[in-house]
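Novice: Here you go, one structure.
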Amino acid sequence: MADASFGSLAAEAKHALDRAANFSHHRQHEDGHWCGELKSNATITAEYVMLRQALGLDMESDRNELISWFLSEQNQDGSWSLAPGHSGDISTSVEAYFALKILGIEPDTAFMRKARLFILSVGGVAKVRIFTRIYLATFGLFPWSAVPELPAELIMMPNAAFISIYRLASWARSTIVPLLIISHHRPVYALPNGISETNDFLDELWDNPAKKNVPYSPSLWQLVKTDAVASTFVVIDSILHMLGGLRSSPTRSRARGQCIDWILQHQETEGDWAGIFPPMHTGVVALCLEGYALDDAPVKKGLEAIERFSWSDKRGKRVQACVSPVWDTILSTIGLCDADMASQDTVSAMKWVKGRQLCGPEGDWRVYKPNITAGGFSFEYFNRWYPDVDDTAAAILAMIKQDPKLTNSRTSVVKAVQWIIGMQNNDGGWGAFDIHNDRLFLNKIPFSDMEALCDPSTADVTGRILEAFGLLFQSSNDFPVDLVRDMKLACDRAIPYLFSIQERSGSWYGRWGANYIYGTSNVVCGLALFSNWEGGSNFVNDSLNRATLWLRNAQNPDGGWGETLLSYRKPDLGGKGCSTASQTGWALMALLARSLSHEKSIESGVGYLLRTQTESDRPDEASWPESQYTGTGFPNHFYLGYSLYSHYFPMMALGRYARTHSNR
């Protein structure tokens, strides 16, 4: 394309960025931060309804808003999905149906009949996941004997043991510790039809309600032939069942006490646990089972924290799995800075973010790394125990871009870098929240049917760290010599790790975003800053060339990029799907990190973003619509729709594109 045309496209990009910046400005909170809705599936809100039912809380005040939202999420076939546009999921559908019935919806209504037909068509309640089984068991809808045993003595296992709570990922650990208490008590709560260990409240969803004690794992004999590790765990679980879950063990009282101490220690002053809904749910229930009253401070604050996760609009009320203010504020700042629109908005945003750097004594990461410098950032408003490496690397990027000389950010950046370096895994990569959390055999425990008990190194997190460190190397800041040395050593270990996990296609798997487009974008944006790597620039450039070729080949005819969530289950679908604004932004950022901005694929991608930008409710602002979920909680099992992803990632891409024109 001729230079004149290139200039015209860049001018259009700048105009689009002006309107996008106004959109950001009008949604910034007075204290400087941003926070969009973090969407997931119906299970979180259903479990919120279950919690209120279990504790005897008010079910009337927002009943209609909850019902309205559940119905807005129901598919045409009566099911509920893990994400918009995807086929129905049995566990999600059962939980949504159950919540609606608790809320007073009669099973003979049309939408309940459709839901029931779907659920029965895919096997009925017997096919739900383990977590759903546990929640149903607390109401007598599943026998407790059909749930894996979780002995409270797990809390007593030494940290260095082969299996302990600290060998589990942070999200699993913070949920399972209160579940140890719930598993001990095996409560059965009342439903609208009363309280019973064999409650028939959902019998219409069973193929055979007379046989509810269905197995939750393949038979031992099947596993012995195919998987020795899984069969070992099944044997252990069977023994625990025979021993009554060790409930009569002389160690049980002490174990329960340690669980409660752990729960109370890990509760935020504001009432939250781990910044996510599941441990907040199980934490409140565990405390109540151990004798805490609803008006006791830990329970009262926990319930208040859960309410802060709620979101209401014209569609109704729902509860978020998590809230994302730090993440949204960091990435919104990067978007504005990439668009050359750093202003008082970004100054106040970074002041807000830096005020949330976690330098205190809390943090489960200290169990295995007690001597490294604290300095991480967490994702949420209140989460002192679980800073994450990804947020921390992104915070470094935002601080550099907003304050290139680090005039007011030097100390924060140094602490963040030191913490990240200390969290590097032995394989050279980084996980999200923990170090050396890579005992993947734990996913074969019968309890782990979501395959999410570990937090190993990932390409996307490691790529973002390379980008942060690469930009720091390019800056003129006079960092301590030992810190620069440690950063270089960390990068020298990270780069070969990324080579080792690059897919044959040239892409990288995306653990926290969908999927290969996200992973590839993060890695390319980081690795591109090391094209002259002393360990072998040819290796770096060959790896980058393969990655960018894959991205070009994945581009859709409309100029955008998209990838279905099904690529987690079927890798051959990597890079394939309807175009989205966020995924197009990711692909463009990667190509711009390696290619000339007038390359045809880049110009087509920019054109897609310009065509799809949509005016908002104010004449001077615009953003990008996106109904698909492009965020990932647990691959194949739990997905997230970040409402601001489709805004700040296109801003980053268009900003970087426009900047290449201004530099010509």
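Residue numbers start at 1 in each chain; chains themselves are named A, B, ... in the order of the structure tokens; ligands are numbered from 1 in the order shown.
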Taking the DSSP assignment computed from this structure's backbone, write out as JSON, numbers by chain all residues of segment 380-480 of chain A that belong to alpha helix (DSSP H).
Specialist: {"A": [389, 390, 391, 392, 393, 394, 395, 396, 397, 398, 399, 400, 401, 402, 410, 411, 412, 413, 414, 415, 416, 417, 418, 419, 420, 421, 422, 459, 460, 461, 462, 463, 464, 465, 466, 467, 468, 469, 470, 471, 472, 473, 474]}
Novice: Can you pull out every residue within 9 Å of Trp624 of chain A, counting only C-alpha atoms, but drop anything in the same chain fewer than 3 positions away, and send it as JSON, numbers by chain?
Specialist: {"A": [20, 580, 581, 582, 609, 612, 613, 614, 615, 646, 647, 650]}
Novice: Selected residues, N, CA and C atoms, written as a tab-separated table (two decimals), in the first residue's frame, please.
Specialist:
```tsv
chain	number	residue	atom	x	y	z
A	20	ALA	N	-11.63	6.40	21.71
A	20	ALA	CA	-11.44	5.34	22.69
A	20	ALA	C	-10.92	5.91	24.01
A	580	THR	N	-12.48	-11.27	16.83
A	580	THR	CA	-12.86	-10.46	17.99
A	580	THR	C	-11.89	-9.30	18.11
A	581	ALA	N	-12.34	-8.26	18.79
A	581	ALA	CA	-11.48	-7.08	18.96
A	581	ALA	C	-10.27	-7.40	19.82
A	582	SER	N	-10.47	-8.12	20.91
A	582	SER	CA	-9.34	-8.38	21.82
A	582	SER	C	-8.30	-9.27	21.15
A	609	LEU	N	-10.23	-3.28	12.99
A	609	LEU	CA	-10.52	-2.57	14.23
A	609	LEU	C	-11.19	-1.23	13.95
A	612	THR	N	-14.90	-1.87	13.02
A	612	THR	CA	-15.76	-2.45	14.05
A	612	THR	C	-15.87	-1.59	15.30
A	613	GLN	N	-15.14	-0.49	15.35
A	613	GLN	CA	-15.31	0.40	16.50
A	613	GLN	C	-16.73	0.97	16.48
A	614	THR	N	-17.37	1.00	17.63
A	614	THR	CA	-18.78	1.36	17.71
A	614	THR	C	-18.98	2.51	18.67
A	615	GLU	N	-19.80	3.47	18.25
A	615	GLU	CA	-20.09	4.61	19.12
A	615	GLU	C	-20.80	4.16	20.38
A	646	SER	N	-11.95	-5.91	25.23
A	646	SER	CA	-12.21	-5.47	23.85
A	646	SER	C	-12.01	-3.97	23.70
A	647	HIS	N	-11.61	-3.31	24.75
A	647	HIS	CA	-11.33	-1.88	24.67
A	647	HIS	C	-9.83	-1.59	24.73
A	650	PRO	N	-7.36	-3.39	21.81
A	650	PRO	CA	-7.34	-2.67	20.53
A	650	PRO	C	-6.65	-1.31	20.63
```
Novice: Could you build a table of the residues in segment 179-243 of chain A lying no more than 12 Å from segment 87-97 of chain A, giving for each the nearest pair of atoms and their separation in Å rounded to one decimal place, using only C-alpha atoms, ordered by chain and ascending residue number, as JSON lines?
Specialist:
```
{"residue": "A:Phe201", "atom": "CA", "partner": "A:Tyr97", "partner_atom": "CA", "distance": 11.3}
{"residue": "A:Leu202", "atom": "CA", "partner": "A:Tyr97", "partner_atom": "CA", "distance": 9.2}
{"residue": "A:Asp203", "atom": "CA", "partner": "A:Val94", "partner_atom": "CA", "distance": 11.6}
{"residue": "A:Glu204", "atom": "CA", "partner": "A:Tyr97", "partner_atom": "CA", "distance": 11.1}
{"residue": "A:Leu205", "atom": "CA", "partner": "A:Val94", "partner_atom": "CA", "distance": 8.1}
{"residue": "A:Trp206", "atom": "CA", "partner": "A:Val94", "partner_atom": "CA", "distance": 10.5}
```
Novice: One decimal, in Å: what's the spacing between atom CA of Ala554 of chain A and atom CA of Gly506 of chain A?
Specialist: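 For atom CA of Ala554 of chain A relative to atom CA of Gly506 of chain A, the distance reads 11.5 Å.
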Novice: Choose the residue, out of A:His637, A:Arg511, A:Lys301, A:His598, that has the smallest atom-to-atom separation from Ala459 of chain A; count only C-alpha atoms.
Specialist: A:Arg511
Novice: Set the distance at 8 Å and use only C-alpha atoms: which residues neighbour Trp34 of chain A once local chain neighbours fewer than 2 positions away are removed? I'd like the list as a PyMOL selection string.
Specialist: chain A and resi 27-29+32+36+325-326+328-329+332
Novice: Keeping only N, CA and C atoms, take the residues you just selected and write them out as a PDB file, in the first residue's frame.
Specialist:
```pdb
ATOM      1  N   ARG A  27     -15.106   6.390  32.144  1.00  0.00           N
ATOM      2  CA  ARG A  27     -15.364   5.223  32.996  1.00  0.00           C
ATOM      3  C   ARG A  27     -14.329   5.057  34.100  1.00  0.00           C
ATOM      4  N   GLN A  28     -13.460   6.019  34.223  1.00  0.00           N
ATOM      5  CA  GLN A  28     -12.465   5.964  35.293  1.00  0.00           C
ATOM      6  C   GLN A  28     -13.088   6.423  36.610  1.00  0.00           C
ATOM      7  N   HIS A  29     -12.817   5.700  37.673  1.00  0.00           N
ATOM      8  CA  HIS A  29     -13.317   6.085  38.987  1.00  0.00           C
ATOM      9  C   HIS A  29     -12.574   7.318  39.492  1.00  0.00           C
ATOM     10  N   GLY A  32      -8.985   7.091  40.400  1.00  0.00           N
ATOM     11  CA  GLY A  32      -8.015   6.796  39.348  1.00  0.00           C
ATOM     12  C   GLY A  32      -8.076   5.401  38.762  1.00  0.00           C
ATOM     13  N   GLY A  36     -13.979  -3.182  35.135  1.00  0.00           N
ATOM     14  CA  GLY A  36     -15.109  -3.648  34.339  1.00  0.00           C
ATOM     15  C   GLY A  36     -15.668  -4.936  34.908  1.00  0.00           C
ATOM     16  N   PRO A 325      -9.944  -4.998  39.350  1.00  0.00           N
ATOM     17  CA  PRO A 325      -9.600  -3.576  39.284  1.00  0.00           C
ATOM     18  C   PRO A 325      -8.126  -3.295  39.018  1.00  0.00           C
ATOM     19  N   VAL A 326      -7.227  -4.046  39.647  1.00  0.00           N
ATOM     20  CA  VAL A 326      -5.799  -3.774  39.439  1.00  0.00           C
ATOM     21  C   VAL A 326      -5.413  -4.123  38.004  1.00  0.00           C
ATOM     22  N   ASP A 328      -7.398  -4.345  35.331  1.00  0.00           N
ATOM     23  CA  ASP A 328      -8.023  -3.408  34.394  1.00  0.00           C
ATOM     24  C   ASP A 328      -7.323  -2.050  34.415  1.00  0.00           C
ATOM     25  N   THR A 329      -6.903  -1.606  35.577  1.00  0.00           N
ATOM     26  CA  THR A 329      -6.262  -0.295  35.674  1.00  0.00           C
ATOM     27  C   THR A 329      -4.883  -0.311  35.029  1.00  0.00           C
ATOM     28  N   SER A 332      -5.513  -0.625  31.180  1.00  0.00           N
ATOM     29  CA  SER A 332      -6.067   0.629  30.652  1.00  0.00           C
ATOM     30  C   SER A 332      -4.979   1.690  30.550  1.00  0.00           C
TER      31      SER A 332
END
```
Novice: Can you list, as a list in words, every protein, DNA or RNA residue that comes within 8 Å of Ser457 of chain A when you count only C-alpha atoms, leaving out same-chain residues fewer than 6 positions away?
Specialist: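 Skipping anything fewer than 6 positions along the chain leaves Asn425, Asp427, Gly429, Trp430, Gly431, Ala432 and Asp438 of chain A.
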Novice: Atom CA of Ala393 of chain A to atom CA of Gly463 of chain A: how many Å, to one decimal?
Specialist: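 That distance, rounded to one decimal, is 9.7 Å.
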Novice: Give me the residues of segment 256-275 of chain A that have any atom at most 7 Å from an atom of segment 170-188 of chain A; for each, the nearest atom pair and the distance in Å, rounded to one decimal. Use only C-alpha atoms, sort by chain and number, and format it as a Markdown table.
Specialist:
```
| residue | atom | partner | partner_atom | distance |
| --- | --- | --- | --- | --- |
| A:Arg256 | CA | A:Ile181 | CA | 6.5 |
| A:Cys259 | CA | A:Val177 | CA | 6.2 |
| A:Ile263 | CA | A:Pro178 | CA | 6.9 |
| A:Ala274 | CA | A:Ser174 | CA | 6.6 |
```
Novice: Restricting the calculation to only C-alpha atoms: of A:Leu466, A:Met112, A:Leu640, A:Leu294, which residue gets closest to Pro84 of chain A?
Specialist: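 Under the stated criterion, the closest residue is A:Leu640.
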Novice: So which one's closest to Leu117 of chain A, A:Thr45, A:Gly140, A:Gln76, A:Asp31? Using only C-alpha atoms, please.
Specialist: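 Smallest separation from Leu117 of chain A among the options: A:Gln76.
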Novice: Closest to Ser567 of chain A among A:Val523, A:Val323, A:Ile517, A:Leu51, using only C-alpha atoms?
Specialist: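 Closest to Ser567 of chain A of all the choices is A:Ile517.
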Novice: Among segment 173-337 of chain A, which residues does DSSP mark as strand (DSSP E or B) when it is run on the backbone? Keep the chain and numbering as in the structure and answer as a ChimeraX atom specification.
Specialist: /A:191,194,267,273,276,310-313,316-319,322
Novice: Excluding Ile44 of chain A and its own-chain neighbours fewer than 3 positions away, which residues fall within 10 Å of it when counting only C-alpha atoms? Please give them as a compact mmCIF listing (two decimals) with all heavy atoms, in the first residue's frame.
Specialist:
```txt
# COMPACT_ATOMS: atom_id res chain seq x y z
N LYS A 39 -17.10 -11.39 33.63
CA LYS A 39 -18.20 -12.32 33.40
C LYS A 39 -17.71 -13.77 33.39
O LYS A 39 -16.60 -14.06 32.96
CB LYS A 39 -18.87 -11.99 32.06
CG LYS A 39 -19.54 -10.61 32.04
CD LYS A 39 -20.02 -10.21 30.66
CE LYS A 39 -18.89 -9.70 29.79
NZ LYS A 39 -19.37 -9.10 28.53
N SER A 40 -18.56 -14.66 33.87
CA SER A 40 -18.25 -16.09 33.79
C SER A 40 -19.55 -16.83 33.47
O SER A 40 -20.38 -16.30 32.72
CB SER A 40 -17.62 -16.58 35.10
OG SER A 40 -18.47 -16.37 36.21
N ASN A 41 -19.74 -18.02 34.01
CA ASN A 41 -20.96 -18.76 33.70
C ASN A 41 -21.92 -18.74 34.89
O ASN A 41 -21.66 -18.10 35.92
CB ASN A 41 -20.63 -20.19 33.26
CG ASN A 41 -19.93 -20.98 34.35
OD1 ASN A 41 -20.44 -21.14 35.46
ND2 ASN A 41 -18.74 -21.51 34.05
N GLU A 47 -24.26 -20.81 42.93
CA GLU A 47 -23.67 -21.17 44.23
C GLU A 47 -23.91 -20.07 45.26
O GLU A 47 -24.01 -20.35 46.47
CB GLU A 47 -22.19 -21.49 44.04
CG GLU A 47 -21.99 -22.81 43.30
CD GLU A 47 -20.67 -22.92 42.56
OE1 GLU A 47 -19.74 -22.14 42.88
OE2 GLU A 47 -20.57 -23.78 41.66
N TYR A 48 -24.01 -18.85 44.80
CA TYR A 48 -24.39 -17.74 45.69
C TYR A 48 -25.81 -17.96 46.22
O TYR A 48 -26.08 -17.78 47.41
CB TYR A 48 -24.30 -16.44 44.90
CG TYR A 48 -24.94 -15.23 45.51
CD1 TYR A 48 -24.35 -14.55 46.57
CD2 TYR A 48 -26.14 -14.72 44.99
CE1 TYR A 48 -24.94 -13.40 47.11
CE2 TYR A 48 -26.74 -13.59 45.52
CZ TYR A 48 -26.13 -12.94 46.58
OH TYR A 48 -26.72 -11.80 47.11
N VAL A 49 -26.71 -18.39 45.35
CA VAL A 49 -28.09 -18.70 45.78
C VAL A 49 -28.07 -19.87 46.77
O VAL A 49 -28.76 -19.85 47.80
CB VAL A 49 -28.98 -19.02 44.57
CG1 VAL A 49 -30.35 -19.54 45.00
CG2 VAL A 49 -29.14 -17.78 43.68
N MET A 50 -27.27 -20.90 46.48
CA MET A 50 -27.16 -22.04 47.39
C MET A 50 -26.66 -21.59 48.76
O MET A 50 -27.15 -22.07 49.81
CB MET A 50 -26.22 -23.09 46.81
CG MET A 50 -26.68 -23.76 45.53
SD MET A 50 -25.41 -24.96 45.00
CE MET A 50 -25.61 -24.87 43.23
N THR A 92 -23.13 -26.83 34.82
CA THR A 92 -23.64 -25.47 34.81
C THR A 92 -25.16 -25.47 34.73
O THR A 92 -25.84 -24.70 35.42
CB THR A 92 -23.05 -24.69 33.63
OG1 THR A 92 -21.62 -24.81 33.65
CG2 THR A 92 -23.42 -23.22 33.69
N GLU A 95 -26.78 -26.70 38.09
CA GLU A 95 -26.69 -25.69 39.14
C GLU A 95 -27.65 -24.53 38.87
O GLU A 95 -28.29 -24.02 39.80
CB GLU A 95 -25.25 -25.19 39.28
CG GLU A 95 -24.30 -26.23 39.85
CD GLU A 95 -22.98 -25.65 40.32
OE1 GLU A 95 -22.98 -24.48 40.77
OE2 GLU A 95 -21.96 -26.36 40.25
N ALA A 96 -27.77 -24.10 37.62
CA ALA A 96 -28.69 -23.01 37.29
C ALA A 96 -30.15 -23.43 37.55
O ALA A 96 -30.94 -22.67 38.11
CB ALA A 96 -28.50 -22.57 35.85
N PHE A 277 -14.44 -16.08 44.42
CA PHE A 277 -15.68 -16.47 45.08
C PHE A 277 -15.63 -17.83 45.78
O PHE A 277 -16.11 -17.96 46.91
CB PHE A 277 -16.83 -16.44 44.07
CG PHE A 277 -18.14 -16.90 44.66
CD1 PHE A 277 -18.93 -16.03 45.40
CD2 PHE A 277 -18.58 -18.21 44.49
CE1 PHE A 277 -20.13 -16.46 45.96
CE2 PHE A 277 -19.77 -18.65 45.04
CZ PHE A 277 -20.55 -17.76 45.78
N PRO A 278 -15.09 -18.90 45.16
CA PRO A 278 -15.20 -20.22 45.80
C PRO A 278 -14.67 -20.27 47.23
O PRO A 278 -15.37 -20.80 48.12
CB PRO A 278 -14.42 -21.14 44.85
CG PRO A 278 -14.61 -20.49 43.51
CD PRO A 278 -14.54 -19.01 43.79
N HIS A 281 -17.11 -18.50 49.54
CA HIS A 281 -18.28 -19.35 49.78
C HIS A 281 -17.97 -20.43 50.82
O HIS A 281 -18.62 -20.53 51.87
CB HIS A 281 -18.70 -19.96 48.45
CG HIS A 281 -19.86 -20.91 48.53
ND1 HIS A 281 -20.38 -21.53 47.42
CD2 HIS A 281 -20.59 -21.39 49.57
CE1 HIS A 281 -21.39 -22.31 47.77
NE2 HIS A 281 -21.52 -22.25 49.08
N ARG A 318 -26.13 -10.74 39.14
CA ARG A 318 -25.27 -11.92 39.12
C ARG A 318 -24.07 -11.66 40.02
O ARG A 318 -23.85 -10.53 40.46
CB ARG A 318 -24.81 -12.30 37.73
CG ARG A 318 -24.02 -11.22 36.98
CD ARG A 318 -24.92 -10.28 36.27
NE ARG A 318 -24.26 -9.46 35.26
CZ ARG A 318 -24.87 -8.46 34.64
NH1 ARG A 318 -26.12 -8.15 34.94
NH2 ARG A 318 -24.24 -7.77 33.71
N VAL A 319 -23.30 -12.69 40.27
CA VAL A 319 -22.13 -12.59 41.13
C VAL A 319 -20.90 -12.96 40.30
O VAL A 319 -20.90 -13.98 39.60
CB VAL A 319 -22.26 -13.50 42.36
CG1 VAL A 319 -20.98 -13.45 43.20
CG2 VAL A 319 -23.45 -13.06 43.21
N GLN A 320 -19.88 -12.13 40.39
CA GLN A 320 -18.64 -12.37 39.66
C GLN A 320 -17.79 -13.40 40.39
O GLN A 320 -17.78 -13.47 41.61
CB GLN A 320 -17.85 -11.07 39.52
CG GLN A 320 -18.61 -9.98 38.78
CD GLN A 320 -17.91 -8.64 38.88
OE1 GLN A 320 -17.17 -8.23 38.00
NE2 GLN A 320 -18.16 -7.93 39.98
N ALA A 321 -17.04 -14.19 39.61
CA ALA A 321 -16.11 -15.14 40.22
C ALA A 321 -14.95 -14.42 40.88
O ALA A 321 -14.34 -14.91 41.83
CB ALA A 321 -15.58 -16.10 39.16
N CYS A 322 -14.67 -13.23 40.38
CA CYS A 322 -13.54 -12.44 40.85
C CYS A 322 -13.79 -11.02 40.39
O CYS A 322 -14.69 -10.76 39.58
CB CYS A 322 -12.25 -13.00 40.24
SG CYS A 322 -10.73 -12.24 40.81
```
Novice: Would you please work out which residue, of A:Glu12, A:Asp403, A:Asp18, A:Glu60, is nearest to Ala622 of chain A when using only C-alpha atoms?
Specialist: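 Of A:Glu12, A:Asp403, A:Asp18, A:Glu60, the one nearest Ala622 of chain A is A:Asp18, counting only C-alpha atoms.
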Novice: Looking at A:Ala394, A:Leu610, A:Ala16, A:Val285, which one is nearest to Glu467 of chain A, with distances taken over only C-alpha atoms?
Specialist: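 For Glu467 of chain A, the nearest of the given residues is A:Ala394.
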Novice: Would you pick out the contacts of Trp512 of chain A at 12 Å or less, using only C-alpha atoms, so that residues sharing its chain but fewer than 6 positions from it are not included, and give the list as a PyMOL selection string?
Specialist: chain A and resi 390-391+431-432+455+457-462+464+518-520+522+565+568+629-636+638-642
Novice: Please produce a file of those selected residues containing C-alpha atoms, as a short mmCIF file (atom, residue, chain, number, x, y, z; two decimals), in the first residue's frame.
Specialist:
```cif
data_model
loop_
_atom_site.label_atom_id
_atom_site.label_comp_id
_atom_site.auth_asym_id
_atom_site.auth_seq_id
_atom_site.Cartn_x
_atom_site.Cartn_y
_atom_site.Cartn_z
CA ASP A 390 1.47 -11.63 35.65
CA ASP A 391 -0.09 -8.57 37.28
CA GLY A 431 3.68 -19.65 37.04
CA ALA A 432 1.00 -17.24 38.16
CA ASP A 455 0.24 -23.68 38.84
CA SER A 457 5.23 -22.29 34.32
CA THR A 458 3.33 -20.90 31.35
CA ALA A 459 4.37 -19.23 28.12
CA ASP A 460 2.05 -16.25 28.44
CA VAL A 461 3.24 -15.19 31.90
CA THR A 462 6.87 -15.80 30.99
CA ARG A 464 5.11 -10.79 29.64
CA TYR A 518 -2.90 -14.97 23.37
CA GLY A 519 0.10 -17.12 24.25
CA THR A 520 1.85 -16.30 20.98
CA ASN A 522 2.65 -12.44 24.87
CA LEU A 565 -12.33 -21.75 23.23
CA TYR A 568 -8.14 -26.00 24.40
CA TYR A 629 -15.18 -14.78 26.18
CA THR A 630 -11.46 -14.53 25.50
CA GLY A 631 -10.20 -14.94 29.08
CA THR A 632 -9.39 -18.28 30.66
CA GLY A 633 -9.84 -19.45 34.23
CA PHE A 634 -9.29 -23.20 33.83
CA PRO A 635 -8.86 -24.52 30.28
CA ASN A 636 -11.81 -26.68 29.20
CA PHE A 638 -14.02 -22.26 33.28
CA TYR A 639 -13.79 -19.18 31.05
CA LEU A 640 -13.95 -15.45 31.67
CA GLY A 641 -15.29 -12.50 29.76
CA TYR A 642 -13.37 -9.36 30.67
#
```
